[in-house]
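J.: So that we are looking at the same thing, I have put the structure below in structure tokens.
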Amino acid sequence: MGRVAILTDSAADLLPEELAAGRIAVVPLSVSFGEATYQPGVDLSVEDFWVRLTAPGTPFPKTAAPSSGLLQAAFERAFSQGAEAVVCVTLSGGLSSTVQSARIARAALPEREIHVVDTRWATIPEGMLVLLASEMAAQGRAANEIAAELERRIPDLHAFIALDTLEYLRRGGRISAATAALGTVLSVHPILTMVDGALEQMERVRTRGRARQRVIELMAALPAERLTVLHTQGPDVERFADELARASGFDRSRMAIRTVGATIGAHLGPGALGAAALCRPG
């Protein structure tokens with residue numbers, strides 16, 4: 001454990017090798033399918049989540065934030081392993097009470113230096129900030145510097161994702177059955193983003209191909225410092241990444257491809273395709 005420990009939650013959708021390389025600790029949210037409850041990254045892989053979600057008759061999953069007790073235990077474990085300070089990077093408080101649990105846990109350890117950062121994002125954009133925090137910690141930066149830099153960079157995050165189906169927004173209670181049915185008949189594909197920490201529809205585009213092209217247009221206009229393709233078992237992901245690299249001028253070899261996990265993926269449904277960027281400041 002380094003001088004500054006970096007903690008996050010499972011909604012960041014970081015790969016096991018990224019967590020290991022960055023020495024990043026994870027406190028998972030829980031995901032329940034009916035009576036069966038799992039912890040992403042512990043007893044539920046991303047692949048298993050998508051198999052369960054799309055199985056016939058599967059109940060719509062519910063997610064729950066980790067308790068303040070679990071987060072306090074994670075903080076105490078970091079200090080017992082030699083950390084002098086902790087930076088805890090969480091998904092949006094508009095989507096989960098995880099950040100509130102982290103703040104309660106911090107208050108229970110008033111003698112310790114603990115910084116809690118609400119990224120106001122989830123999945124890949126959240127993960128980008130976690131990786132930035134880890135890199136800064138490895139450089140020997142102080143915890144307060146890391147937390148301040150993350151807060152400063154939140155406005156530099158952007159993500160757009162085109163849905164293939166409206167069914168999962170309906171099942172999650174985000175749109176009505178009538179709206180979902182009409183959208184299906186008209187072949188409407190919403191493009192989602194995050195606004196003030198909440199998942200929002202920014203555009204509705206006819207046909208899958210046009211929605212895909214619109215995401216590329218939106219992303220190519222950004223001065224991306226880091227760029228990641230994100231999908232939910234989407235089709236032609238590699239080709240999409242190639243097209244995005246050509247349109248944006250971003251080095252294809254530096255462009256990661258990641259599958260969205262349980263926290264946001266349940267609302268997106270399978271077949272969604274998009275991208276996330278951390279843009280150059282200013």
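Residues are named by chain letter and number: chains run A, B, ... in the order of the structure tokens, numbers start at 1 in each chain, and ligands are numbered from 1 in the order shown.
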For Gln100 of chain A, work out the shell of residues within 12 Å, counting only C-alpha atoms and skipping chain neighbours fewer than 5 positions away, then give it as a PyMOL selection string.

T.: chain A and resi 65-69+71+88-95+105-107+116-118

J.: Excluding same-chain residues fewer than 6 positions from Arg226 of chain A, what lies within 8 Å of it counting only C-alpha atoms, as a list in words?

T.: Arg254, Met255, Ala277, Leu278 and Cys279 of chain A

J.: Emit the selected residues as a tab-separated table (two decimals), in the first residue's frame, including C-alpha atoms.

T.:
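Okay, this is what ended up in part.tsv:
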```
chain	number	residue	atom	x	y	z
A	254	ARG	CA	-4.34	4.01	-27.13
A	255	MET	CA	-8.10	3.52	-27.34
A	277	ALA	CA	-13.47	10.75	-22.96
A	278	LEU	CA	-11.38	12.63	-20.46
A	279	CYS	CA	-10.66	15.84	-22.33
```

J.: Might you pull out every residue within 7 Å of Ile161 of chain A, with only C-alpha atoms counted and same-chain residues fewer than 4 positions away left off, and present them as a ChimeraX atom specification?

T.: /A:191-193,215,272-275

J.: Rank A:Arg52, A:Val46, A:Ala138, A:Leu169 by their smallest atom-to-atom distance to Arg258 of chain A, using only C-alpha atoms, and report the top residue only.

T.: A:Val46

J.: Excluding same-chain residues fewer than 4 positions from Pro190 of chain A, what lies within 6 Å of it counting only C-alpha atoms, as a list of chain:residue names?

T.: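 The filter keeps A:Ala162, A:Leu163, A:Glu203, A:Arg204.
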
J.: Would you save the residues of that selection, restricted to C-alpha atoms, as a compact mmCIF listing (two decimals), in the first residue's frame?

T.:
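Result file selection05.txt:
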```
# COMPACT_ATOMS: atom_id res chain seq x y z
CA ALA A 162 -26.59 4.91 -28.14
CA LEU A 163 -29.12 2.34 -26.98
CA GLU A 203 -31.08 12.98 -28.36
CA ARG A 204 -33.32 10.47 -30.09
```

J.: DSSP says helix (DSSP H, G or I) for which residues of segment 106-257 of chain A? Put them as number ranges by chain?

T.: A: 106-107, 123-138, 143-156, 167-171, 177-185, 208-220, 237-248, 252-254

J.: Atom CA of Ala55 of chain A and atom CA of His231 of chain A are how many Å apart?

T.: 18.5 Å

J.: Need the shell around Asp43 of chain A: protein/DNA/RNA residues with any atom at most 12 Å away, counting only C-alpha atoms. Skip same-chain ones fewer than 4 positions apart. Format as a list in words?

T.: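 The neighbour list is Pro28, Leu29, Ser30, Val31, Ser32, Ala36, Thr37, Tyr38, Gln39, Glu47, Asp48 and Phe49 of chain A.
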
J.: Find the residues near segment 239-251 of chain A: any atom within 8 Å, counting only C-alpha atoms, skip ones fewer than 6 places away on the same chain, and give them as a list of chain:residue names.

T.: A:Arg212, A:Ile216, A:Glu217, A:Met219, A:Ala220, A:Ala221, A:Leu222, A:Ala224, A:Leu227, A:Val229, A:Ile257

J.: Between atom CA of Leu131 of chain A and atom CA of Val87 of chain A, what is the distance in Å, rounded to a tenth?

T.: 11.9 Å

J.: Check the smallest atom-to-atom distance from each of A:Asp164, A:Asp156, A:Asp236, A:Glu17 to Pro125 of chain A using only C-alpha atoms, then report the winner.

T.: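 Using only C-alpha atoms, the shortest distance to Pro125 of chain A belongs to A:Asp156.
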
J.: What's the 10 Å shell around Leu53 of chain A, counting only C-alpha atoms, without same-chain residues fewer than 2 positions away, as JSON, numbers by chain?

T.: {"A": [33, 48, 49, 50, 51, 55, 56, 57, 58, 59, 60, 61, 168, 262, 265, 266, 269, 270]}

J.: For the selection you just gave me, I'd like the residues written to a file as an mmCIF file, in the first residue's frame, keeping N, CA and C atoms.

T.:
```
data_model
loop_
_atom_site.group_PDB
_atom_site.id
_atom_site.type_symbol
_atom_site.label_atom_id
_atom_site.label_comp_id
_atom_site.auth_asym_id
_atom_site.auth_seq_id
_atom_site.Cartn_x
_atom_site.Cartn_y
_atom_site.Cartn_z
ATOM 1 N N PHE A 33 -30.812 -10.225 -8.284
ATOM 2 C CA PHE A 33 -31.785 -10.730 -9.246
ATOM 3 C C PHE A 33 -32.813 -11.520 -8.434
ATOM 4 N N ASP A 48 -20.870 -12.731 -16.575
ATOM 5 C CA ASP A 48 -21.977 -13.430 -15.907
ATOM 6 C C ASP A 48 -23.188 -12.515 -15.743
ATOM 7 N N PHE A 49 -22.924 -11.247 -15.456
ATOM 8 C CA PHE A 49 -24.031 -10.305 -15.314
ATOM 9 C C PHE A 49 -24.852 -10.242 -16.593
ATOM 10 N N TRP A 50 -24.190 -10.134 -17.730
ATOM 11 C CA TRP A 50 -24.933 -10.008 -18.984
ATOM 12 C C TRP A 50 -25.658 -11.289 -19.352
ATOM 13 N N VAL A 51 -25.087 -12.423 -19.007
ATOM 14 C CA VAL A 51 -25.787 -13.695 -19.232
ATOM 15 C C VAL A 51 -27.060 -13.742 -18.395
ATOM 16 N N ALA A 55 -31.167 -13.514 -19.760
ATOM 17 C CA ALA A 55 -31.818 -14.835 -19.717
ATOM 18 C C ALA A 55 -33.331 -14.666 -19.662
ATOM 19 N N PRO A 56 -34.089 -15.506 -20.356
ATOM 20 C CA PRO A 56 -35.559 -15.386 -20.353
ATOM 21 C C PRO A 56 -36.125 -15.448 -18.930
ATOM 22 N N GLY A 57 -37.034 -14.534 -18.638
ATOM 23 C CA GLY A 57 -37.717 -14.552 -17.346
ATOM 24 C C GLY A 57 -36.934 -13.981 -16.189
ATOM 25 N N THR A 58 -35.751 -13.442 -16.443
ATOM 26 C CA THR A 58 -34.943 -12.901 -15.352
ATOM 27 C C THR A 58 -35.575 -11.629 -14.779
ATOM 28 N N PRO A 59 -35.722 -11.526 -13.450
ATOM 29 C CA PRO A 59 -36.244 -10.281 -12.868
ATOM 30 C C PRO A 59 -35.247 -9.147 -13.069
ATOM 31 N N PHE A 60 -35.772 -7.919 -13.175
ATOM 32 C CA PHE A 60 -34.886 -6.778 -13.365
ATOM 33 C C PHE A 60 -34.015 -6.622 -12.118
ATOM 34 N N PRO A 61 -32.700 -6.468 -12.300
ATOM 35 C CA PRO A 61 -31.813 -6.417 -11.131
ATOM 36 C C PRO A 61 -31.925 -5.107 -10.364
ATOM 37 N N TYR A 168 -35.085 -1.911 -21.512
ATOM 38 C CA TYR A 168 -34.481 -1.927 -20.177
ATOM 39 C C TYR A 168 -34.676 -0.599 -19.451
ATOM 40 N N ALA A 262 -22.768 -3.873 -14.169
ATOM 41 C CA ALA A 262 -24.135 -4.009 -13.660
ATOM 42 C C ALA A 262 -24.795 -2.688 -13.270
ATOM 43 N N GLY A 265 -25.346 -0.769 -16.646
ATOM 44 C CA GLY A 265 -25.704 -1.674 -17.737
ATOM 45 C C GLY A 265 -27.128 -2.183 -17.694
ATOM 46 N N ALA A 266 -27.667 -2.370 -16.501
ATOM 47 C CA ALA A 266 -29.035 -2.875 -16.381
ATOM 48 C C ALA A 266 -30.032 -1.932 -17.034
ATOM 49 N N GLY A 269 -29.311 -1.967 -21.199
ATOM 50 C CA GLY A 269 -29.688 -3.155 -21.946
ATOM 51 C C GLY A 269 -28.600 -3.562 -22.921
ATOM 52 N N PRO A 270 -28.717 -4.748 -23.507
ATOM 53 C CA PRO A 270 -27.692 -5.237 -24.429
ATOM 54 C C PRO A 270 -27.698 -4.456 -25.739
#
```

J.: Would you compute the distance between atom CA of Thr259 of chain A and atom CA of Thr8 of chain A? Give it in Å to one decimal.

T.: 17.8 Å

J.: Hey, which of A:Met136, A:Val42, A:Val4, A:Ala108 ends up closest to Val86 of chain A? Count only C-alpha atoms.

T.: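 Once distances to Val86 of chain A are computed over only C-alpha atoms, the minimum belongs to A:Val4.
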